[in-house]
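Below you'll find the structure, written out as structure tokens, and then a few comments.
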Amino acid sequence: MLLLPLAVVVGAGYGLVRAVLPAGDSSGHSVPRGPVTDQPSPRVVVPPVVAGWQSVAGRDGAYAYDVPPSWTPEPRVVHGWEPGVGSAGVTLAASAFLGEGSCPANEVTSRGGAGVTSSELPDAEAAARQTVTEVGVGAYTADGAPPARVAFGPVEPVSVSLSGKTVPGRLVVADVQPSGDGPCRPAHALVGAVAVAGGSRSVVLAAYADEGSAPRDELTRILRSYRGVPAADRSTTTPPPTTR
């Protein structure tokens, strides 16, 4: 399910570090200096289901979720956190971010984010809780500190539209108490996930935000917007070239 990214983001507690893969000549020859024109690749566009929001489409538009106008969709970015104490690590594809560059100590950190992953757990509730734990601990545990504390709210049944039919899923949101010290450490955070089981695995959309950045009901609306997108509802657009 994970897509080949244009950029990879690896988290290390309270923030994200972006590493953009280099582009250009890889043959070993020198590249002439001067203006460079970039032609972006075609992008799949799907309509949002939440009025006034914007969609984030993944896997050629086969699935999508929506985020508010204040969020930045980055569907070709994969981000996540490496394994650590209390977490096996997690990687999220078809990303979106809130408040990028909001931390003066690290210009590429964000106040929140979202993305899709898969779980080896065939039970939707267990997959949702596992993903929330991995994101909560990975994102909000400082280096050398004990794992962030994750306090789960009630698990809610949800209906998700996939492959032309409605399937059951499970949604849960947790309050997270960050641990350790560091720049831009939030006092509290919210982490949520919605999971749908399919065969021996589950697919999961996770969303998280520092306290005060996104209210609980907004995070829940993001999670509830996850759906499959019929081919008839997808279109392709090519952004105009840019010169730098």
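Here's how to read the names in the structure tokens: chain A, B, ... by the order shown, residue numbers from 1 in each chain, ligand numbers from 1 in the order shown.
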To test your reading of the structure, identify every residue in stretch 91-244 of chain A that backbone DSSP assigns to strand (DSSP E), and report it as a ChimeraX atom specification. /A:91-98,112-119,149-152,156-162,165-177,189-198,201-210,227-228,235-237,242-243
Print the selection's residues with C-alpha atoms to a file, as an mmCIF file, in the first residue's frame.
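Output (selection13.cif):
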data_model
loop_
_atom_site.group_PDB
_atom_site.id
_atom_site.type_symbol
_atom_site.label_atom_id
_atom_site.label_comp_id
_atom_site.auth_asym_id
_atom_site.auth_seq_id
_atom_site.Cartn_x
_atom_site.Cartn_y
_atom_site.Cartn_z
ATOM 1 C CA THR A 91 4.903 4.635 8.508
ATOM 2 C CA LEU A 92 2.063 6.721 7.076
ATOM 3 C CA ALA A 93 1.478 7.222 3.335
ATOM 4 C CA ALA A 94 -0.761 9.720 1.496
ATOM 5 C CA SER A 95 0.149 12.366 4.058
ATOM 6 C CA ALA A 96 -1.319 15.695 5.118
ATOM 7 C CA PHE A 97 0.128 18.159 7.623
ATOM 8 C CA LEU A 98 -1.039 21.000 9.856
ATOM 9 C CA GLY A 112 -0.371 17.743 13.294
ATOM 10 C CA GLY A 113 -0.609 15.253 10.496
ATOM 11 C CA ALA A 114 -2.416 12.304 8.974
ATOM 12 C CA GLY A 115 -1.738 9.340 6.738
ATOM 13 C CA VAL A 116 -2.674 5.793 5.830
ATOM 14 C CA THR A 117 -0.943 2.586 6.887
ATOM 15 C CA SER A 118 -1.630 -1.124 7.030
ATOM 16 C CA SER A 119 -1.659 -3.387 10.071
ATOM 17 C CA ARG A 149 1.158 8.101 27.976
ATOM 18 C CA VAL A 150 -1.791 7.180 25.749
ATOM 19 C CA ALA A 151 -5.284 7.267 27.298
ATOM 20 C CA PHE A 152 -7.883 5.754 24.972
ATOM 21 C CA GLU A 156 -16.838 3.723 18.013
ATOM 22 C CA PRO A 157 -18.327 1.610 15.218
ATOM 23 C CA VAL A 158 -18.212 3.327 11.812
ATOM 24 C CA SER A 159 -19.311 2.517 8.273
ATOM 25 C CA VAL A 160 -16.767 2.934 5.479
ATOM 26 C CA SER A 161 -17.500 2.910 1.739
ATOM 27 C CA LEU A 162 -15.025 0.635 -0.045
ATOM 28 C CA LYS A 165 -20.114 -1.373 -0.690
ATOM 29 C CA THR A 166 -20.307 -0.319 2.935
ATOM 30 C CA VAL A 167 -18.078 -2.188 5.362
ATOM 31 C CA PRO A 168 -17.779 -1.923 9.150
ATOM 32 C CA GLY A 169 -14.830 -0.250 10.797
ATOM 33 C CA ARG A 170 -13.688 0.944 14.197
ATOM 34 C CA LEU A 171 -12.636 4.449 15.270
ATOM 35 C CA VAL A 172 -10.818 5.509 18.432
ATOM 36 C CA VAL A 173 -9.282 8.771 19.658
ATOM 37 C CA ALA A 174 -6.790 8.973 22.522
ATOM 38 C CA ASP A 175 -5.456 11.751 24.715
ATOM 39 C CA VAL A 176 -1.667 11.715 24.758
ATOM 40 C CA GLN A 177 0.607 13.084 27.478
ATOM 41 C CA ALA A 189 -2.052 15.932 22.055
ATOM 42 C CA LEU A 190 -4.815 13.973 20.344
ATOM 43 C CA VAL A 191 -4.194 10.880 18.224
ATOM 44 C CA GLY A 192 -6.946 8.977 16.456
ATOM 45 C CA ALA A 193 -7.336 6.164 13.955
ATOM 46 C CA VAL A 194 -10.049 4.466 11.924
ATOM 47 C CA ALA A 195 -9.441 0.880 10.815
ATOM 48 C CA VAL A 196 -11.144 -1.512 8.425
ATOM 49 C CA ALA A 197 -10.334 -5.231 8.490
ATOM 50 C CA GLY A 198 -9.878 -7.146 5.271
ATOM 51 C CA ARG A 201 -4.785 -7.455 7.596
ATOM 52 C CA SER A 202 -6.386 -4.093 8.293
ATOM 53 C CA VAL A 203 -6.051 -0.709 6.620
ATOM 54 C CA VAL A 204 -5.805 2.270 8.972
ATOM 55 C CA LEU A 205 -6.039 6.051 8.642
ATOM 56 C CA ALA A 206 -4.334 7.883 11.514
ATOM 57 C CA ALA A 207 -4.564 11.578 12.412
ATOM 58 C CA TYR A 208 -2.842 13.489 15.206
ATOM 59 C CA ALA A 209 -2.557 17.075 16.445
ATOM 60 C CA ASP A 210 -0.970 19.046 19.250
ATOM 61 C CA ARG A 227 -13.316 6.002 1.819
ATOM 62 C CA GLY A 228 -12.669 4.163 -1.384
ATOM 63 C CA SER A 235 -9.662 12.744 -12.614
ATOM 64 C CA THR A 236 -6.082 13.610 -13.506
ATOM 65 C CA THR A 237 -4.555 17.071 -13.680
ATOM 66 C CA THR A 242 7.781 26.150 -12.669
ATOM 67 C CA THR A 243 11.172 27.738 -13.310
#
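Residues of stretch 32-229 of chain A carrying a DSSP assignment of alpha helix (DSSP H), computed from the backbone, are Ala124, Glu125, Ala126, Ala127, Ala128, Arg129, Gln130, Thr131, Val132, Thr133, Glu134, Val135, Gly136, Val137, Gly138, Ala139, Tyr140, Arg216, Asp217, Glu218, Leu219, Thr220, Arg221, Ile222, Leu223 and Arg224 of chain A.
The space between atom CA of A:Arg224 and atom CA of A:Pro48 spans 12.2 Å.
Residue nearest A:Gly80, chosen from A:Val44, A:Val229, A:Leu121, A:Val137 and counting only C-alpha atoms: A:Val137.
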List as a short mmCIF file (atom, residue, chain, number, x, y, z; two decimals) with N, CA and C atoms, in the first residue's frame the protein and nucleic acid residues near A:Gly84, meaning an atom at most 10 Å away when only C-alpha atoms are counted, but skip any in the same chain fewer than 6 places from it.
data_model
loop_
_atom_site.label_atom_id
_atom_site.label_comp_id
_atom_site.auth_asym_id
_atom_site.auth_seq_id
_atom_site.Cartn_x
_atom_site.Cartn_y
_atom_site.Cartn_z
N ALA A 12 11.30 12.14 15.30
CA ALA A 12 12.16 11.86 16.45
C ALA A 12 11.64 12.61 17.66
N GLU A 134 1.26 3.51 18.42
CA GLU A 134 2.53 3.71 17.73
C GLU A 134 2.74 5.17 17.33
N VAL A 137 3.10 7.34 20.79
CA VAL A 137 4.40 7.17 21.43
C VAL A 137 5.53 7.68 20.53
N GLY A 138 5.45 7.36 19.24
CA GLY A 138 6.50 7.78 18.33
C GLY A 138 6.59 9.29 18.19
N THR A 141 7.22 11.23 22.20
CA THR A 141 8.22 10.79 23.17
C THR A 141 9.57 11.39 22.80
N ASP A 143 13.68 11.87 22.85
CA ASP A 143 14.80 10.93 22.91
C ASP A 143 15.22 10.70 24.35
N GLY A 144 15.33 9.43 24.75
CA GLY A 144 15.78 9.08 26.08
C GLY A 144 14.72 9.17 27.15
N PRO A 146 10.81 8.20 28.86
CA PRO A 146 9.88 7.07 28.87
C PRO A 146 8.78 7.30 27.85
N PRO A 147 8.08 6.26 27.45
CA PRO A 147 7.04 6.42 26.43
C PRO A 147 5.96 7.41 26.84
#
The residue from A:Pro69, A:Pro183, A:Gly153, A:Gly212 with the smallest atom-to-atom distance to A:Pro104, counting only C-alpha atoms, is A:Pro183
Point-to-point distance in Å for atom CA of A:Ala51 and atom CA of A:Ala232: 19.7 Å
Give me, as a VMD selection string, all polymer residues having an atom no more than 8 Å from stretch 63-68 of chain A, counting only C-alpha atoms and skipping those fewer than 4 positions away in the same chain. chain A and resid 46 48 to 50 52 to 59 73 96 222 to 223 225 to 229
Expected file contents, prior selection, N, CA and C atoms, as a compact mmCIF listing (two decimals), in the first residue's frame:
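Final output, saved to part.txt:
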# COMPACT_ATOMS: atom_id res chain seq x y z
N VAL A 46 -9.62 13.82 -6.59
CA VAL A 46 -10.93 13.26 -6.26
C VAL A 46 -11.71 14.32 -5.50
N PRO A 48 -13.84 16.09 -2.57
CA PRO A 48 -14.02 15.88 -1.13
C PRO A 48 -15.47 15.53 -0.81
N VAL A 49 -15.66 14.84 0.29
CA VAL A 49 -17.03 14.54 0.73
C VAL A 49 -17.45 15.46 1.87
N VAL A 50 -16.49 16.18 2.46
CA VAL A 50 -16.81 17.16 3.50
C VAL A 50 -16.81 18.54 2.84
N GLY A 52 -16.34 22.17 1.82
CA GLY A 52 -15.36 23.19 2.18
C GLY A 52 -13.99 22.64 2.51
N TRP A 53 -13.85 21.32 2.54
CA TRP A 53 -12.55 20.72 2.83
C TRP A 53 -11.86 20.33 1.54
N GLN A 54 -10.68 19.74 1.64
CA GLN A 54 -9.90 19.30 0.48
C GLN A 54 -9.54 17.83 0.65
N SER A 55 -9.48 17.12 -0.45
CA SER A 55 -9.22 15.68 -0.38
C SER A 55 -7.72 15.38 -0.44
N VAL A 56 -7.35 14.25 0.12
CA VAL A 56 -6.00 13.71 0.02
C VAL A 56 -6.15 12.32 -0.59
N ALA A 57 -5.70 12.18 -1.82
CA ALA A 57 -5.90 10.92 -2.55
C ALA A 57 -4.63 10.09 -2.53
N GLY A 58 -4.78 8.82 -2.30
CA GLY A 58 -3.65 7.91 -2.30
C GLY A 58 -3.85 6.77 -3.28
N ARG A 59 -2.76 6.13 -3.63
CA ARG A 59 -2.75 4.95 -4.51
C ARG A 59 -3.56 5.20 -5.77
N PRO A 73 -2.33 19.09 2.08
CA PRO A 73 -2.22 17.73 1.54
C PRO A 73 -0.86 17.52 0.87
N ALA A 96 -0.88 14.30 5.03
CA ALA A 96 -1.32 15.69 5.12
C ALA A 96 -0.76 16.25 6.42
N ILE A 222 -12.04 14.08 10.07
CA ILE A 222 -11.00 13.63 9.15
C ILE A 222 -11.03 12.10 9.04
N LEU A 223 -11.06 11.44 10.19
CA LEU A 223 -11.05 9.98 10.21
C LEU A 223 -12.29 9.40 9.54
N SER A 225 -13.95 10.57 7.17
CA SER A 225 -14.02 10.84 5.74
C SER A 225 -13.26 9.80 4.90
N TYR A 226 -12.55 8.88 5.55
CA TYR A 226 -11.81 7.87 4.79
C TYR A 226 -12.77 7.01 3.97
N ARG A 227 -12.44 6.79 2.70
CA ARG A 227 -13.32 6.00 1.82
C ARG A 227 -12.56 5.54 0.58
N GLY A 228 -13.13 4.54 -0.06
CA GLY A 228 -12.67 4.16 -1.38
C GLY A 228 -13.30 5.09 -2.41
N VAL A 229 -12.60 5.31 -3.52
CA VAL A 229 -13.08 6.23 -4.55
C VAL A 229 -13.30 5.47 -5.85
